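Visitor: Below is one structure. I have some questions about it.
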Amino acid sequence: MRVTRGARIVAGTALLALAVAACGGGASPSGDPAADGGDTPVRMELGEPQNLLVPSNTTESEGSELLAAVFEPLVNYDENKQVVEAAAESITTEDNITWTIKLKSGYTWHNGEPLVAQNYVDAWNYAANQDNAQGAGYFFGRVKGYDALNPGEGKEVTTKEMEGLKVVDDSTFTVELAAPFSQFRTMLGYTAFYPLPKAAFGADGKVTNEYGEKPIGQGLFKLDKPYKKGTDQTVDLSVYDKYPAKKPNGWTKLQFKLYNSSETAYNDLQANNVDIHDSLPASAISSAKTALGDRYQDQPDAGIGYIGFPLQYNDEYKDVRMREAISMAIDRKTIAETVFSGTRAPADDFINPAIDGYRQGACAACTYDPGKAKEQYAAANGPAKLELGYNADGGHKEWIEAVANNLRANLGVEVTVRPFEKFANILDDLDAKKYKGMFRMGWAVDYPSAENYLSPIFSTGAIKTGSNYAGYSSKEFDELVAKGDQAPTPEEGLKFYQQADDVLIKDLPYVPVYFYRNNSGYSTQVKNVRINLLNQVEWADVEKA
C-alpha cells in the first residue's frame with residue numbers, strides 16, 4: 001500500500017510510485033512462454049485503487065501501480081534519474097515552449113489497433129476538460145488552451161480541444177505550452193500522460209465505465225477480465241504477446257492481490273501466498289531481515305511522509321504558530337530509529353535528499369523542541385483536542401500513534417487517532433472536504449524533479465484538480481514555481497523552486513515527518529526482483545525461482 005502519486009499520493013509506509021514504468025513482463029522476447037511455470041502468476045500485493053482504472057483520474061499509488069503494468073509511458077527514468085524514451089522515439093524543443101513528440105513504431109493497443117498520435121491528443125484533451133472532472137487534469141495546466149477547457153465553476157466549456165495540441169501525422173504530434181517549461185519532457189513518464197484508444201470513449205465522448213473496469217492499454221500486460229471495484233479481490237493480467245519491448249522470461253501471468261491490511265499481506269508473503277510486497281508494514285521491518293534473509297530489500301527512495309492540515313475548511317489550523325508547534329513537538333529521530341528500525345530518516349525539507357534541490361536542515365521548525373512547542377502552542381491558543389486520521393491499510397498505525405503520543409505529552413492536548421479502513425476512503429473524504437482533522441499523507445515522486453514536490457501538492461491550481469488536500473494557497477509560492485518553470489534550464493529553475501520550498505517551510509501547510517526508504521520483500525518463488533528509485537518494479541527482470 002502506498003501514497004498518492006501525482007505525483008501520486010502514497011498509501012503505505014514503503015510506498016511504490018504511482019507510475020510504474022512498463023518495463024516488461026510476460027513471455028520471452030519471441031512471445032513463447034517457458035514451459036515451466038508460464039501459467040502460474042507472479043502475485044503482488046496492492047491496496048484497492050481509489051477509482052476505476054482511467055489514467056487521467058488515477059492520482060494515487062494503488063491504481064497507478066496497476067495501470068503502469070498496462071500502459072507504456074512516453075518516457076522512463078534510468079538509475080541516474082535521467083529521462084530515457086519508452087513509447088516515444090524522440091521529444092525535442094528549441095525554445096521550451098513548442099515540443100515535438102515522435103512515437104516509436106511497433107506499439108499497438110491490446111485490441112490490435114496501432115498506437116497513433118491522435119490517441120495522445122484525445123486523452124490529454126479529455127483529461128484537461130473540467131466537465132470530465134479528472135483528478136490529474138491539473139497536469140495539463142501548462143498546455144496552451146488549458147484555460148479554455150477550464151473556464152471555472154458554473155461556466156460553460158465551449159471547446160473540446162486545447163489549442164496547443166496538434167497532430168502532425170500518425171507518429172508525430174506537437175505540444176505548445178503557454179509559457180516555457182524546461183522540464184516538460186521529464187514529466188511525461190507520469191500516469192496522466194498515458195494515451196487512450198478510440199475504444200475508451202462512448203458516444204457522448206466520455207470514457208466509459210466498461211473501459212475503466214477493463215482498460216485497453218499498449219503496455220506489457222493486458223487485463224484478463226474486467227475489474228469490479230469493491231468486489232474483486234484480485235486483478236488478473238497476461239503478457240500482451242505483441243508488446244515490442246523486453247518481456248520477462250519464464251512466466252506470462254501477473255496477479256495483483258488486493259489487501260486491506262499490510263500486515264496480512266506480509267504474513268502471506270512469508271507463507272508464499274503472495275510473491276512481492278513492496279511496502280512492508282512498520283511492525284515487520286525489525287524482523288523482516290531475519291525472516292526473509294536475502295529476500296528483504298532496504299533501499300533509498302524519493303518519498304516523504306507528512307502530517308497535513310485542512311487549512312481551507314477548518315479554521316482551527318489557520319495560525320501558523322500552531323502548525324509550527326505541532327511540528328516541533330514531533331520526535332522525528334525516535335520515530336525513524338525506533339518505530340521504523342532505522343529505515344527512515346527525519347525529514348528536514350519539503351524536497352527529498354534523493355532529488356537535486358534538497359537542503360539539509362532547511363526546515364527549522366522540523367527540529368524537535370518540546371519546550372518551545374508547548375509555549376508556542378499556548379500562545380497560538382491551540383485547541384485542547386486534536387484528531388489525526390490515517391489509512392489503516394498502509395501499515396501506518398505505529399508511527400501515527402507515536403506522533404499522537406508526542407503531541408499529548410509535549411503540547412498537553414487530547415489527541416484522537418482515527419483509522420480509515422482504506423486509503424481510498426480517506427482520500428475521498430479529503431476530496432469532499434468532509435474530514436476536518438489532521439491527516440497522514442505521503443508523496444512518491446512522479447518524475448525526478450524538485451518541482452514535483454511543489455506544484456501538484458501545494459499550488460493553488462492543485463486544490464481542485466491536483467493533490468492539494470490542505471487547500472493551501474499562496475501567491476508568492478505560485479509565482480516562484482512559475483519562475484522556476486520558465487527558467488531556461490533545469491539548473492536555473494532549481495533556484496526558484498528552492499525559494500518556493502522556503503515559502504512552504506515558512507507556512508507549513510504540511511509537516512514533513514520522515515523521508516522514506518523502500519522496504520520490500522519477495523517470496524521463495526521468485527528472484528531478481530528490483531524496485532527502482534521511483535518505487536517501480538522492473539517486471540521484465542523478475543524471474544521464477
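We label chains A, B, ... in the order they appear in the C-alpha cells, count residues from 1 in each chain, and number ligands from 1 in the order shown.
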Find the residues around segment 206-222 of chain A up to 6 Å (only C-alpha atoms counted), leave out those fewer than 4 positions away in its own chain, and share them as a ChimeraX atom specification.
Guide: /A:24,52-54,69-72,108-110,200-202,226-227,237-240,243
Visitor: Which polymer residues have any atom within 8 Å of an atom of segment 458-475 of chain A, counting only C-alpha atoms, with same-chain residues fewer than 4 positions away left out, as a ChimeraX atom specification?
Guide: /A:4,6,8-9,59,133-139,308-313,430-431,454,479,509-510
Visitor: Go through segment 406-482 of chain A and flag each residue having an atom no more than 9 Å from segment 316-333 of chain A; for those, report the closest pair of atoms plus their distance in Å to one decimal, using only C-alpha atoms, ordered by chain and rising number, as a Markdown table.
Guide:
| residue | atom | partner | partner_atom | distance |
| --- | --- | --- | --- | --- |
| A:Asn406 | CA | A:Ile330 | CA | 5.7 |
| A:Leu407 | CA | A:Ala329 | CA | 6.0 |
| A:Ala409 | CA | A:Ala329 | CA | 8.7 |
| A:Asn410 | CA | A:Ala329 | CA | 5.8 |
| A:Leu411 | CA | A:Ala329 | CA | 7.1 |
| A:Met438 | CA | A:Tyr317 | CA | 8.9 |
Visitor: Using only C-alpha atoms, find the one residue out of A:Ala148, A:Ile335, A:Leu196, A:Ala347 that sits nearest to Val116 of chain A.
Guide: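 Under the stated criterion, the closest residue is A:Leu196.
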Visitor: From the list A:Met44, A:Leu494, A:Val168, A:Val75, which residue is nearest Leu269 of chain A when using only C-alpha atoms?
Guide: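 The shortest atom-to-atom distance to Leu269 of chain A comes from A:Met44.
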Visitor: Nearest residue to Met441 of chain A out of A:Ala336, A:Leu258, A:Ile307, A:Ala199, using only C-alpha atoms?
Guide: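 Residue with the minimum atom-to-atom distance to Met441 of chain A: A:Ile307.
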Visitor: From a backbone DSSP assignment, name each residue in segment 70-303 of chain A labelled helix (DSSP H, G or I), as a short mmCIF file (atom, residue, chain, number, x, y, z; two decimals) with N, CA and C atoms, in the first residue's frame.
Guide:
data_model
loop_
_atom_site.label_atom_id
_atom_site.label_comp_id
_atom_site.auth_asym_id
_atom_site.auth_seq_id
_atom_site.Cartn_x
_atom_site.Cartn_y
_atom_site.Cartn_z
N VAL A 70 -0.09 -1.89 -17.50
CA VAL A 70 -0.98 -1.98 -18.66
C VAL A 70 -0.59 -1.00 -19.76
N ALA A 117 -0.63 9.14 -32.86
CA ALA A 117 -0.52 10.41 -32.16
C ALA A 117 -1.87 10.92 -31.68
N GLN A 118 -2.91 10.68 -32.47
CA GLN A 118 -4.25 11.16 -32.09
C GLN A 118 -4.69 10.58 -30.75
N ASN A 119 -4.21 9.39 -30.40
CA ASN A 119 -4.57 8.77 -29.13
C ASN A 119 -4.10 9.61 -27.94
N TYR A 120 -2.95 10.25 -28.09
CA TYR A 120 -2.45 11.12 -27.02
C TYR A 120 -3.24 12.43 -26.97
N VAL A 121 -3.49 13.01 -28.11
CA VAL A 121 -4.23 14.27 -28.16
C VAL A 121 -5.64 14.08 -27.60
N ASP A 122 -6.29 12.99 -27.96
CA ASP A 122 -7.63 12.73 -27.44
C ASP A 122 -7.61 12.55 -25.92
N ALA A 123 -6.65 11.79 -25.43
CA ALA A 123 -6.57 11.52 -24.00
C ALA A 123 -6.28 12.78 -23.21
N TRP A 124 -5.36 13.60 -23.70
CA TRP A 124 -4.96 14.80 -22.97
C TRP A 124 -6.07 15.85 -22.98
N ASN A 125 -6.76 15.99 -24.09
CA ASN A 125 -7.89 16.92 -24.13
C ASN A 125 -8.99 16.47 -23.18
N TYR A 126 -9.24 15.18 -23.13
CA TYR A 126 -10.25 14.66 -22.22
C TYR A 126 -9.85 14.93 -20.77
N ALA A 127 -8.60 14.68 -20.45
CA ALA A 127 -8.12 14.86 -19.08
C ALA A 127 -8.22 16.30 -18.64
N ALA A 128 -7.96 17.23 -19.54
CA ALA A 128 -7.90 18.65 -19.18
C ALA A 128 -9.27 19.30 -19.06
N GLN A 130 -12.65 20.41 -17.74
CA GLN A 130 -13.24 20.42 -16.40
C GLN A 130 -14.55 19.65 -16.31
N ASP A 131 -15.26 19.54 -17.42
CA ASP A 131 -16.53 18.81 -17.40
C ASP A 131 -16.32 17.32 -17.11
N ASN A 132 -15.11 16.83 -17.34
CA ASN A 132 -14.83 15.41 -17.12
C ASN A 132 -14.29 15.13 -15.71
N GLY A 137 -6.22 16.27 -14.07
CA GLY A 137 -6.36 17.30 -15.10
C GLY A 137 -5.40 18.45 -14.92
N TYR A 138 -5.03 18.73 -13.68
CA TYR A 138 -4.13 19.84 -13.38
C TYR A 138 -2.80 19.74 -14.12
N PHE A 139 -2.34 18.53 -14.39
CA PHE A 139 -1.03 18.36 -15.01
C PHE A 139 -0.97 18.90 -16.44
N PHE A 140 -2.10 19.23 -17.01
CA PHE A 140 -2.12 19.79 -18.36
C PHE A 140 -2.25 21.31 -18.33
N TYR A 146 -5.43 25.36 -22.15
CA TYR A 146 -5.99 24.69 -20.97
C TYR A 146 -7.09 25.54 -20.34
N ASP A 147 -6.89 26.85 -20.29
CA ASP A 147 -7.87 27.74 -19.67
C ASP A 147 -9.23 27.66 -20.37
N ALA A 148 -9.21 27.44 -21.68
CA ALA A 148 -10.48 27.36 -22.42
C ALA A 148 -11.28 26.13 -22.00
N LEU A 149 -10.59 25.09 -21.58
CA LEU A 149 -11.27 23.90 -21.10
C LEU A 149 -11.58 23.98 -19.61
N PHE A 184 9.41 19.85 -19.16
CA PHE A 184 8.22 19.20 -19.70
C PHE A 184 8.51 17.75 -20.09
N ARG A 185 9.64 17.52 -20.75
CA ARG A 185 9.99 16.15 -21.16
C ARG A 185 10.09 15.23 -19.95
N THR A 186 10.61 15.74 -18.84
CA THR A 186 10.77 14.94 -17.63
C THR A 186 9.42 14.48 -17.08
N MET A 187 8.38 15.30 -17.25
CA MET A 187 7.07 14.98 -16.71
C MET A 187 6.40 13.78 -17.38
N THR A 191 1.54 8.97 -15.03
CA THR A 191 0.32 8.28 -15.42
C THR A 191 -0.63 9.13 -16.25
N ALA A 192 -0.79 10.40 -15.88
CA ALA A 192 -1.76 11.27 -16.55
C ALA A 192 -1.49 11.42 -18.03
N PHE A 193 -0.25 11.20 -18.45
CA PHE A 193 0.13 11.42 -19.85
C PHE A 193 0.02 10.16 -20.71
N LYS A 198 -9.42 4.69 -29.17
CA LYS A 198 -10.78 5.11 -29.55
C LYS A 198 -11.82 4.34 -28.74
N ALA A 199 -11.52 3.09 -28.43
CA ALA A 199 -12.47 2.23 -27.72
C ALA A 199 -12.76 2.71 -26.31
N ALA A 200 -11.97 3.64 -25.78
CA ALA A 200 -12.20 4.13 -24.42
C ALA A 200 -13.43 5.01 -24.34
N ASN A 209 -17.54 3.45 -18.30
CA ASN A 209 -17.26 2.64 -17.12
C ASN A 209 -16.69 1.29 -17.52
N GLU A 210 -17.15 0.76 -18.66
CA GLU A 210 -16.64 -0.52 -19.13
C GLU A 210 -15.14 -0.44 -19.37
N TYR A 211 -14.71 0.68 -19.93
CA TYR A 211 -13.27 0.85 -20.15
C TYR A 211 -12.53 0.97 -18.82
N GLY A 212 -13.12 1.71 -17.87
CA GLY A 212 -12.47 1.86 -16.57
C GLY A 212 -12.33 0.56 -15.82
N GLU A 213 -13.20 -0.40 -16.10
CA GLU A 213 -13.10 -1.71 -15.46
C GLU A 213 -12.11 -2.63 -16.17
N SER A 262 -1.70 -4.30 5.47
CA SER A 262 -0.33 -4.57 5.07
C SER A 262 0.26 -5.72 5.87
N GLU A 263 -0.17 -5.84 7.13
CA GLU A 263 0.31 -6.93 7.97
C GLU A 263 -0.15 -8.28 7.44
N THR A 264 -1.41 -8.35 7.01
CA THR A 264 -1.90 -9.60 6.42
C THR A 264 -1.12 -9.96 5.16
N ALA A 265 -0.83 -8.95 4.35
CA ALA A 265 -0.05 -9.19 3.14
C ALA A 265 1.34 -9.71 3.49
N TYR A 266 1.94 -9.18 4.55
CA TYR A 266 3.27 -9.65 4.96
C TYR A 266 3.22 -11.10 5.43
N ASN A 267 2.18 -11.45 6.16
CA ASN A 267 2.03 -12.85 6.58
C ASN A 267 1.90 -13.76 5.36
N ASP A 268 1.15 -13.31 4.36
CA ASP A 268 1.02 -14.11 3.13
C ASP A 268 2.35 -14.21 2.39
N LEU A 269 3.14 -13.16 2.45
CA LEU A 269 4.46 -13.21 1.81
C LEU A 269 5.32 -14.28 2.46
N GLN A 270 5.32 -14.33 3.78
CA GLN A 270 6.12 -15.33 4.48
C GLN A 270 5.63 -16.75 4.19
N ALA A 282 5.43 -1.18 9.24
CA ALA A 282 6.44 -0.83 10.25
C ALA A 282 6.62 -1.94 11.26
N SER A 283 5.54 -2.65 11.58
CA SER A 283 5.61 -3.72 12.58
C SER A 283 6.48 -4.88 12.13
N ALA A 284 6.74 -4.99 10.83
CA ALA A 284 7.50 -6.13 10.31
C ALA A 284 8.97 -5.80 10.05
N ILE A 285 9.30 -4.52 9.98
CA ILE A 285 10.62 -4.14 9.50
C ILE A 285 11.74 -4.68 10.38
N SER A 286 11.56 -4.65 11.70
CA SER A 286 12.65 -5.07 12.59
C SER A 286 12.97 -6.55 12.44
N SER A 287 11.99 -7.35 12.05
CA SER A 287 12.21 -8.80 11.94
C SER A 287 12.32 -9.29 10.51
N ALA A 288 12.03 -8.43 9.53
CA ALA A 288 11.95 -8.89 8.14
C ALA A 288 13.29 -9.40 7.62
N LYS A 289 14.38 -8.75 8.02
CA LYS A 289 15.69 -9.19 7.50
C LYS A 289 15.99 -10.62 7.94
N THR A 290 15.68 -10.93 9.20
CA THR A 290 15.89 -12.29 9.69
C THR A 290 14.92 -13.27 9.04
N ALA A 291 13.66 -12.84 8.92
CA ALA A 291 12.63 -13.75 8.38
C ALA A 291 12.82 -14.02 6.90
N LEU A 292 13.24 -13.00 6.15
CA LEU A 292 13.32 -13.14 4.69
C LEU A 292 14.74 -13.31 4.17
N GLY A 293 15.74 -12.95 4.98
CA GLY A 293 17.13 -13.08 4.52
C GLY A 293 17.41 -12.19 3.33
N ASP A 294 17.99 -12.78 2.29
CA ASP A 294 18.35 -12.01 1.10
C ASP A 294 17.12 -11.53 0.32
N ARG A 295 15.96 -12.03 0.69
CA ARG A 295 14.73 -11.61 0.01
C ARG A 295 14.13 -10.33 0.60
#
Visitor: If you run DSSP on the backbone here, which positions in segment 151-394 of chain A get strand (DSSP E)? Please write them as an NGL selection string.
Guide: :A and (165-169 or 172-176 or 221-223 or 234-239 or 253-258 or 276-277 or 296-308 or 345-346 or 385-391)
Visitor: Calculate how many Å separate atom CA of Ser105 of chain A from atom CA of Gly164 of chain A, rounding to one decimal.
Guide: 24.1 Å
Visitor: For Glu491 of chain A, which residue out of A:Asp478, A:Asp429, A:Lys160, A:Gln183 is the nearest one, using only C-alpha atoms?
Guide: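 Result for the nearest residue to Glu491 of chain A: A:Gln183.
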Visitor: Record the distance separating atom CA of Asn76 of chain A and atom CA of Lys246 of chain A, expressed in Å with one decimal.
Guide: 13.8 Å
Visitor: Restricting the calculation to only C-alpha atoms: of A:Asp541, A:Glu387, A:Asp169, A:Asp39, which residue gets closest to Glu401 of chain A?
Guide: A:Glu387
Visitor: Just to confirm, what's the straight-line distance from atom CA of Leu115 of chain A to atom CA of Val157 of chain A in Å (one decimal)?
Guide: 28.5 Å
Visitor: Counting only C-alpha atoms, figure out which residue out of A:Gly189, A:Ser523, A:Leu508, A:Pro370 gets nearest to Gln82 of chain A.
Guide: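 Using only C-alpha atoms, Gln82 of chain A sits closest to A:Gly189.
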